[in-house]
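Next comes start.tsv, a file with TSV, C-alpha atoms.
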```tsv
chain	number	residue	atom	x	y	z
L	247	MET	CA	-18.08	-11.03	-3.57
L	248	THR	CA	-16.75	-8.79	-6.34
L	249	LEU	CA	-13.95	-7.52	-4.10
L	250	LYS	CA	-11.38	-10.30	-3.62
L	251	PHE	CA	-8.80	-8.75	-1.28
L	252	LEU	CA	-7.17	-5.58	0.04
L	253	VAL	CA	-3.65	-4.18	-0.28
L	254	CYS	CA	-2.59	-1.55	2.24
L	255	GLY	CA	0.50	-0.30	4.03
L	256	LEU	CA	2.46	2.77	4.84
L	257	GLU	CA	2.78	5.02	1.77
L	258	HIS	CA	5.72	4.26	-0.56
L	259	THR	CA	6.34	0.79	0.89
L	260	GLY	CA	5.49	-1.24	-2.22
L	261	THR	CA	1.69	-1.22	-2.37
L	262	THR	CA	1.70	-0.19	-6.03
L	263	LEU	CA	4.32	-2.80	-6.93
L	264	VAL	CA	2.16	-5.45	-5.28
L	265	THR	CA	-0.80	-4.12	-7.26
L	266	GLU	CA	1.10	-4.54	-10.52
L	267	LEU	CA	2.04	-8.11	-9.62
L	268	PHE	CA	-1.58	-9.08	-9.00
L	269	ARG	CA	-2.73	-7.33	-12.17
L	270	GLN	CA	-0.93	-10.06	-14.13
L	271	ILE	CA	-3.66	-12.52	-13.11
L	272	PRO	CA	-6.25	-12.88	-15.88
L	273	HIS	CA	-9.66	-11.31	-15.14
L	274	LEU	CA	-8.36	-9.55	-11.99
L	275	ASP	CA	-7.67	-5.81	-11.92
L	276	SER	CA	-7.72	-2.68	-9.79
L	277	GLY	CA	-7.69	1.08	-10.11
L	278	PHE	CA	-5.04	3.23	-8.44
L	279	GLU	CA	-6.61	3.75	-4.98
L	280	CYS	CA	-10.10	3.67	-3.49
L	281	GLY	CA	-10.82	4.44	0.17
L	282	VAL	CA	-14.49	3.59	0.53
L	283	LEU	CA	-13.74	1.23	3.44
L	284	LEU	CA	-12.68	4.20	5.54
L	285	ASN	CA	-16.42	4.73	6.01
L	286	ASP	CA	-19.09	2.55	7.57
L	287	SER	CA	-21.37	3.29	4.63
L	288	PRO	CA	-20.67	4.02	0.93
L	289	ALA	CA	-23.02	7.01	1.28
L	290	ASP	CA	-20.42	8.74	3.47
L	291	PHE	CA	-17.58	8.22	1.00
L	292	VAL	CA	-18.55	10.88	-1.52
L	293	ASP	CA	-17.37	13.55	0.96
L	294	THR	CA	-14.21	11.69	2.05
L	295	GLN	CA	-11.32	13.64	0.59
L	296	PRO	CA	-8.92	13.43	-1.12
L	297	PHE	CA	-9.90	9.81	-1.75
L	298	ALA	CA	-13.22	10.41	-3.48
L	299	ASN	CA	-11.83	12.99	-5.90
L	300	ASN	CA	-8.72	10.92	-6.59
L	301	MET	CA	-10.90	7.97	-7.61
L	302	LEU	CA	-12.26	9.87	-10.59
L	303	GLU	CA	-8.95	9.59	-12.43
L	304	GLY	CA	-7.60	6.56	-10.58
L	305	TRP	CA	-10.55	4.40	-11.61
L	306	GLY	CA	-11.65	6.28	-14.72
L	307	ILE	CA	-15.12	7.27	-13.55
L	308	THR	CA	-17.15	10.46	-13.62
L	309	HIS	CA	-18.40	12.30	-10.56
L	310	GLU	CA	-21.91	11.16	-11.46
L	311	GLN	CA	-20.77	7.54	-11.60
L	312	LEU	CA	-19.05	7.91	-8.24
L	313	GLU	CA	-22.25	9.31	-6.72
L	314	ALA	CA	-24.18	6.34	-8.15
L	315	CYS	CA	-21.68	3.93	-6.57
L	316	CYS	CA	-22.03	5.73	-3.25
L	317	GLN	CA	-25.78	5.16	-3.33
L	318	ALA	CA	-25.13	1.41	-3.04
L	319	LYS	CA	-26.72	-0.22	-0.02
L	320	ASN	CA	-23.44	-1.84	1.08
L	321	HIS	CA	-19.75	-2.02	0.23
L	322	ASP	CA	-20.13	-5.15	-1.89
L	323	ASP	CA	-22.62	-3.39	-4.15
L	324	PHE	CA	-20.31	-0.35	-4.27
L	325	TYR	CA	-17.49	-2.47	-5.69
L	326	ARG	CA	-19.82	-4.20	-8.15
L	327	LEU	CA	-21.01	-0.84	-9.50
L	328	LEU	CA	-17.44	0.48	-9.52
L	329	MET	CA	-16.23	-2.46	-11.61
L	330	GLN	CA	-19.05	-1.87	-14.07
L	331	SER	CA	-18.32	1.87	-14.32
L	332	SER	CA	-14.51	1.95	-14.42
L	333	SER	CA	-12.83	2.70	-17.73
L	334	THR	CA	-9.29	2.01	-16.49
L	335	ILE	CA	-9.63	-1.69	-15.67
L	336	SER	CA	-9.43	-4.28	-18.41
L	337	ASP	CA	-12.59	-5.23	-20.27
L	338	ASP	CA	-12.39	-8.90	-19.27
L	339	THR	CA	-12.26	-8.13	-15.53
L	340	THR	CA	-14.55	-10.23	-13.37
L	341	GLU	CA	-12.90	-9.58	-9.99
L	342	ILE	CA	-11.27	-6.51	-8.46
L	343	PHE	CA	-9.11	-5.74	-5.46
L	344	ASP	CA	-8.69	-2.51	-3.54
L	345	LYS	CA	-5.24	-1.01	-3.01
L	346	THR	CA	-5.45	1.86	-0.53
L	347	PRO	CA	-2.40	2.43	1.69
L	348	ARG	CA	-4.39	4.39	4.27
L	349	TYR	CA	-6.43	1.31	5.21
L	350	LEU	CA	-3.55	0.25	7.48
L	351	PHE	CA	-4.21	3.35	9.58
L	352	ASP	CA	-7.63	1.92	10.56
L	353	LEU	CA	-7.20	-1.73	9.66
L	354	GLU	CA	-9.40	-3.20	12.38
L	355	ASN	CA	-12.45	-1.26	11.20
L	356	VAL	CA	-11.60	-1.77	7.52
L	357	LEU	CA	-11.55	-5.55	8.02
L	358	ARG	CA	-14.88	-5.33	9.78
L	359	ARG	CA	-16.37	-3.62	6.73
L	360	ALA	CA	-14.96	-6.06	4.17
L	361	VAL	CA	-14.61	-9.75	5.02
L	362	VAL	CA	-11.74	-10.43	2.62
L	363	PRO	CA	-8.02	-11.22	2.98
L	364	ALA	CA	-5.60	-8.31	3.37
L	365	ILE	CA	-1.96	-7.76	2.45
L	366	VAL	CA	-0.02	-5.23	4.54
L	367	THR	CA	3.22	-3.87	3.08
L	368	TYR	CA	6.01	-2.19	5.02
L	369	LYS	CA	9.70	-1.41	4.62
L	370	ASP	CA	12.76	-0.55	6.65
L	371	PRO	CA	12.34	2.84	8.41
L	372	ARG	CA	15.69	3.93	6.96
L	373	ALA	CA	14.24	3.38	3.48
L	374	ILE	CA	11.04	5.19	4.48
L	375	VAL	CA	13.04	8.24	5.55
L	376	TYR	CA	15.04	8.11	2.33
L	377	SER	CA	11.86	8.01	0.22
L	378	ASP	CA	10.58	11.14	1.95
L	379	TYR	CA	13.99	12.82	1.82
L	380	ARG	CA	14.30	12.19	-1.92
L	381	ARG	CA	10.87	13.66	-2.56
L	382	ALA	CA	11.54	16.71	-0.37
L	383	SER	CA	15.02	17.35	-1.87
L	384	PRO	CA	16.08	19.66	1.00
L	385	PRO	CA	19.46	21.43	0.87
L	386	ASP	CA	20.49	20.02	4.26
L	387	PHE	CA	19.60	16.62	5.72
L	388	TYR	CA	19.83	17.52	9.40
L	389	SER	CA	17.71	20.68	9.36
L	390	TRP	CA	15.08	18.79	7.35
L	391	PHE	CA	15.22	15.72	9.59
L	392	ASP	CA	14.84	17.76	12.79
L	393	THR	CA	11.46	19.09	11.65
L	394	TYR	CA	10.37	15.95	9.79
L	395	SER	CA	11.03	13.13	12.25
L	396	ALA	CA	8.60	13.93	15.09
L	397	GLU	CA	5.57	14.30	12.82
L	398	LYS	CA	6.51	11.25	10.75
L	399	ILE	CA	7.02	9.07	13.82
L	400	SER	CA	3.67	10.16	15.25
L	401	TYR	CA	1.96	9.23	11.99
L	402	MET	CA	3.76	5.90	11.68
L	403	GLN	CA	2.97	4.83	15.24
L	404	ILE	CA	-0.74	4.41	14.52
L	405	SER	CA	-0.04	2.25	11.49
L	406	TYR	CA	2.59	0.27	13.38
L	407	MET	CA	0.16	-0.48	16.21
L	408	GLU	CA	-2.36	-1.77	13.66
L	409	TYR	CA	0.39	-3.87	12.09
L	410	LEU	CA	1.29	-5.38	15.48
L	411	LYS	CA	-2.35	-5.98	16.34
L	412	HIS	CA	-2.84	-8.12	13.23
L	413	LEU	CA	0.41	-10.07	13.15
L	414	LYS	CA	-1.42	-13.25	14.16
L	415	ASP	CA	-4.62	-12.48	12.25
L	416	GLN	CA	-5.14	-15.22	9.67
L	417	ARG	CA	-6.87	-12.76	7.36
L	418	VAL	CA	-3.73	-10.62	7.15
L	419	ILE	CA	-0.30	-11.30	5.66
L	420	SER	CA	2.45	-8.74	6.26
L	421	VAL	CA	5.06	-8.37	3.54
L	422	GLY	CA	8.29	-6.41	3.89
L	423	LEU	CA	9.58	-4.79	0.72
L	424	GLU	CA	13.02	-6.16	1.51
L	425	ALA	CA	11.68	-9.72	1.74
L	426	LEU	CA	9.78	-9.23	-1.51
L	427	THR	CA	12.94	-8.12	-3.31
L	428	MET	CA	15.54	-10.33	-1.62
L	429	ASN	CA	13.44	-13.49	-1.35
L	430	ALA	CA	11.11	-12.79	-4.22
L	431	ARG	CA	9.61	-16.08	-5.32
L	432	PRO	CA	8.65	-17.53	-1.90
L	433	THR	CA	7.29	-14.15	-0.83
L	434	MET	CA	5.19	-13.76	-3.96
L	435	GLU	CA	3.94	-17.34	-3.66
L	436	ALA	CA	2.89	-16.65	-0.07
L	437	MET	CA	1.06	-13.45	-1.05
L	438	PHE	CA	-0.80	-15.10	-3.91
L	439	SER	CA	-1.73	-18.13	-1.81
L	440	HIS	CA	-3.02	-15.86	0.94
L	441	VAL	CA	-5.62	-14.36	-1.40
L	442	GLY	CA	-6.52	-17.68	-3.02
L	443	LYS	CA	-4.59	-17.21	-6.26
L	444	SER	CA	-1.88	-19.30	-7.89
L	445	PHE	CA	1.47	-17.67	-8.58
L	446	GLU	CA	3.17	-18.13	-11.93
L	447	LEU	CA	6.78	-17.17	-12.53
L	448	SER	CA	5.80	-15.03	-15.52
L	449	TYR	CA	3.98	-12.66	-13.14
L	450	ALA	CA	7.33	-11.48	-11.74
L	451	ILE	CA	8.03	-9.55	-14.96
L	452	ILE	CA	5.44	-6.86	-15.56
L	453	PRO	CA	5.08	-6.17	-19.30
L	454	ASP	CA	2.52	-3.36	-19.00
L	455	VAL	CA	3.21	-1.22	-15.94
L	456	LYS	CA	-0.01	0.69	-15.37
L	457	PHE	CA	0.99	3.16	-12.67
L	458	ASP	CA	3.75	5.75	-13.09
L	459	ASN	CA	5.11	5.49	-9.55
L	460	VAL	CA	6.37	1.92	-10.14
L	461	ARG	CA	10.04	2.45	-10.97
L	462	SER	CA	10.76	-0.94	-12.52
L	463	ASN	CA	8.91	-3.68	-14.36
L	464	VAL	CA	10.70	-6.34	-12.31
L	465	VAL	CA	11.05	-6.96	-8.58
L	466	SER	CA	14.41	-5.35	-7.78
L	467	ALA	CA	16.34	-4.93	-4.54
L	468	ASP	CA	17.87	-1.63	-5.73
L	469	ILE	CA	14.98	0.53	-4.50
L	470	ALA	CA	14.78	-1.12	-1.09
L	471	PHE	CA	18.42	-0.39	-0.28
L	472	GLU	CA	19.06	2.96	-1.98
L	473	PHE	CA	19.41	4.62	1.40
L	474	ARG	CA	22.70	2.80	2.07
L	475	ASN	CA	24.45	4.69	-0.72
L	476	ALA	CA	22.55	7.95	-0.26
L	477	PHE	CA	23.03	8.48	3.49
L	478	THR	CA	26.22	8.66	5.51
L	479	GLN	CA	26.70	6.25	8.39
L	480	GLU	CA	26.12	9.14	10.78
L	481	GLN	CA	22.78	9.93	9.14
L	482	ILE	CA	21.77	6.27	9.17
L	483	SER	CA	22.63	6.03	12.87
L	484	ARG	CA	20.51	9.09	13.59
L	485	ILE	CA	17.54	7.51	11.79
L	486	GLU	CA	18.04	4.21	13.61
L	487	LYS	CA	17.99	6.00	16.95
L	488	GLU	CA	14.93	8.18	16.26
L	489	PHE	CA	12.89	5.40	14.63
L	490	SER	CA	13.90	2.56	16.98
L	491	TYR	CA	10.27	2.12	18.09
L	492	PHE	CA	9.56	0.39	14.76
L	493	ASP	CA	12.01	-2.40	15.48
L	494	LEU	CA	10.17	-5.15	13.59
L	495	TRP	CA	10.35	-3.16	10.37
L	496	PHE	CA	14.14	-2.90	10.32
L	497	TYR	CA	15.84	-5.27	7.89
L	498	ASN	CA	19.33	-6.33	8.92
```
Structure rendered as structure tokens:
Amino acid sequence: MTLKFLVCGLEHTGTTLVTELFRQIPHLDSGFECGVLLNDSPADFVDTQPFANNMLEGWGITHEQLEACCQAKNHDDFYRLLMQSSSTISDDTTEIFDKTPRYLFDLENVLRRAVVPAIVTYKDPRAIVYSDYRRASPPDFYSWFDTYSAEKISYMQISYMEYLKHLKDQRVISVGLEALTMNARPTMEAMFSHVGKSFELSYAIIPDVKFDNVRSNVVSADIAFEFRNAFTQEQISRIEKEFSYFDLWFYN
């Protein structure tokens, strides 16, 4: 199969960093995001937004090429045509993987559509809130948090239930961003082994970062724990209380 594995997880939990690590393997590459496995058939994907439109730039294909991929009879043929059409993956690529965070939201069905290993990323809910807070840049934490938390928790619950459902699934390995940064080598070795690839220490330093939202070319703990310096203890306690449902994602 052209597609070798999947990377998914809640948004901003390290999926792109994981992508960059795997891109160090010769002849293996990926575009930014896909999303075709959200549909039972590639034919339905052309109208699945914003994923279909985002693929045009993320994989370096035209709308006509995307339509041709969506005419594939199955997902395997879709990925084969995509690899042939993409202008953003390296010329020597013989295998691709699909990094789409949203797959976690419907992981059971996604794994039914593609019989390949999957990596699920997650991070401490306090760090998740900080990522969203930093992007929103509100003037006041508490007024922002009061309107943000209920909707965010509702969204996260679906992904968390999928995460719990697949904890013992041998096709799935779950990787916390904190474990990846604090216990880097064993965690990376486990990820690579899970998808049938050998880890080399040189992969931990990324010489050619492809995607702009990766903030470092090395695996660093700074990003995972930024919230500790950015939030007060009172704010952290409020987050811990509101997001306590996601207990397995807290890193202490």
**Prompt:** Which polymer residues have any atom within 8 Å of an atom of Leu256 (chain L), counting only C-alpha atoms, with same-chain residues fewer than 6 positions away left out, as number ranges by chain?
**Reply:** L: 347-348, 350, 367-368, 402, 405
Can I get the selected residues back with C-alpha atoms, as a CSV table (one decimal), in the coordinates of the input?
```csv
chain,number,residue,atom,x,y,z
L,347,PRO,CA,-2.4,2.4,1.7
L,348,ARG,CA,-4.4,4.4,4.3
L,350,LEU,CA,-3.6,0.2,7.5
L,367,THR,CA,3.2,-3.9,3.1
L,368,TYR,CA,6.0,-2.2,5.0
L,402,MET,CA,3.8,5.9,11.7
L,405,SER,CA,0.0,2.2,11.5
```
**Request:** With a distance cut-off of 12 Å and only C-alpha atoms, select the neighbouring residues of Pro288 (chain L), excluding the residue or stretch itself and same-chain residues fewer than 2 positions from it, and output the selection as a PyMOL selection string.
**Result:** chain L and resi 280-286+290-294+298+312-325+327-328+359
**Item:** Point (-9.1, -9.2, 0.0), cut-off 7 Å, counting only C-alpha atoms, residues as a list in words
**Value:** Leu249, Lys250, Phe251, Leu252, Phe343, Val362, Pro363, Ala364 and Val441 of chain L
Output C-alpha atoms for every residue in that selection, as a PDB file, in the frame of the given file.
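So the final result, stored in result_0.pdb, reads:
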```pdb
ATOM      1  CA  LEU L 249     -13.950  -7.520  -4.100  1.00  0.00           C
ATOM      2  CA  LYS L 250     -11.380 -10.300  -3.620  1.00  0.00           C
ATOM      3  CA  PHE L 251      -8.800  -8.750  -1.280  1.00  0.00           C
ATOM      4  CA  LEU L 252      -7.170  -5.580   0.040  1.00  0.00           C
ATOM      5  CA  PHE L 343      -9.110  -5.740  -5.460  1.00  0.00           C
ATOM      6  CA  VAL L 362     -11.740 -10.430   2.620  1.00  0.00           C
ATOM      7  CA  PRO L 363      -8.020 -11.220   2.980  1.00  0.00           C
ATOM      8  CA  ALA L 364      -5.600  -8.310   3.370  1.00  0.00           C
ATOM      9  CA  VAL L 441      -5.620 -14.360  -1.400  1.00  0.00           C
TER      10      VAL L 441
END
```
**Asked** What is the CA of Thr340 (chain L)-CA of Thr248 (chain L) distance in Å, reported with one decimal?
**Response**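 Rounded to one decimal, the two atoms are 7.5 Å apart.
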**Prompt:** Looking at only C-alpha atoms, which of L:Val253, L:Ile342, L:Leu274, L:Leu263 is the one that sits closest to Ile452 (chain L)?
**Reply:**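 The shortest atom-to-atom distance to Ile452 (chain L) comes from L:Leu263.
Of the residues listed (L:Ile451, L:Ile399, L:Cys254, L:Leu410), L:Cys254 shows the shortest atom-to-atom separation from Asp344 (chain L); distances use only C-alpha atoms.
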**Asked** Which residue out of L:Thr427, L:Thr339, L:Ser389, L:Glu310 has the minimum interatomic distance to Ile271 (chain L) when all atoms listed in the file are used?
**Response**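 Of the candidates, the smallest distance to Ile271 (chain L) is held by L:Thr339.
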**Message:** Please list as a list of chain:residue names every residue within 12 Å of Ser377 (chain L), counting all atoms listed in the file and excluding residues in the same chain fewer than 6 positions away.
**Reply:**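 Counting all atoms listed in the file, the residues come to L:Leu256, L:Glu257, L:His258, L:Thr259, L:Gly260, L:Lys369, L:Asp370, L:Pro371, L:Ser383, L:Ile469, L:Ala470, L:Phe471, L:Glu472, L:Phe473, L:Ala476, L:Phe477.
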**Message:** Here is a test: counting all atoms listed in the file, which residue of L:Asp454, L:Glu397, L:Glu303, L:Asp468 is nearest to Ser336 (chain L)?
**Reply:**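 Among L:Asp454, L:Glu397, L:Glu303, L:Asp468, it is L:Asp454 that comes nearest to Ser336 (chain L).
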**Prompt:** If we count only C-alpha atoms, what is near Met301 (chain L) at a cut-off of 10 Å, once residues fewer than 3 positions away on the same chain are taken out, given as number ranges by chain?
**Reply:** L: 277-282, 295-298, 304-309, 312, 332
**Request:** Quick one: pull the distance between CA of Arg474 (chain L) and CA of Glu266 (chain L), Å, one decimal.
**Result:**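 We find that CA of Arg474 (chain L) and CA of Glu266 (chain L) lie 26.1 Å from each other.
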**Prompt:** CA of His440 (chain L) to CA of Ile419 (chain L): how many Å, to one decimal?
**Reply:**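 That distance, rounded to one decimal, is 7.1 Å.
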**Item:** Contacts of Ala450 (chain L) at 12 Å (all atoms listed in the file; same-chain gap of 6+ positions) as number ranges by chain
**Value:** L: 263-271, 426-427, 430-435, 438, 462-466
Keeping only C-alpha atoms, write those residues as a short mmCIF file (atom, residue, chain, number, x, y, z; two decimals), in the coordinates of the input.
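File produced: again-v6.cif:
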```
data_model
loop_
_atom_site.label_atom_id
_atom_site.label_comp_id
_atom_site.auth_asym_id
_atom_site.auth_seq_id
_atom_site.Cartn_x
_atom_site.Cartn_y
_atom_site.Cartn_z
CA LEU L 263 4.32 -2.80 -6.93
CA VAL L 264 2.16 -5.45 -5.28
CA THR L 265 -0.80 -4.12 -7.26
CA GLU L 266 1.10 -4.54 -10.52
CA LEU L 267 2.04 -8.11 -9.62
CA PHE L 268 -1.58 -9.08 -9.00
CA ARG L 269 -2.73 -7.33 -12.17
CA GLN L 270 -0.93 -10.06 -14.13
CA ILE L 271 -3.66 -12.52 -13.11
CA LEU L 426 9.78 -9.23 -1.51
CA THR L 427 12.94 -8.12 -3.31
CA ALA L 430 11.11 -12.79 -4.22
CA ARG L 431 9.61 -16.08 -5.32
CA PRO L 432 8.65 -17.53 -1.90
CA THR L 433 7.29 -14.15 -0.83
CA MET L 434 5.19 -13.76 -3.96
CA GLU L 435 3.94 -17.34 -3.66
CA PHE L 438 -0.80 -15.10 -3.91
CA SER L 462 10.76 -0.94 -12.52
CA ASN L 463 8.91 -3.68 -14.36
CA VAL L 464 10.70 -6.34 -12.31
CA VAL L 465 11.05 -6.96 -8.58
CA SER L 466 14.41 -5.35 -7.78
#
```
**Request:** Go through L:Gln403, L:Tyr388, L:Ser331, L:Ala360 one by one, measure the shortest atom-to-atom distance of each to Thr478 (chain L) using all atoms listed in the file, and give the residue with the smallest value.
**Result:**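 Among L:Gln403, L:Tyr388, L:Ser331, L:Ala360, it is L:Tyr388 that comes nearest to Thr478 (chain L).
Among L:Met329, L:Ala467, L:Met428, L:Ile365, the residue with the shortest atom-to-atom distance to Thr261 (chain L), counting all atoms listed in the file, is L:Ile365.
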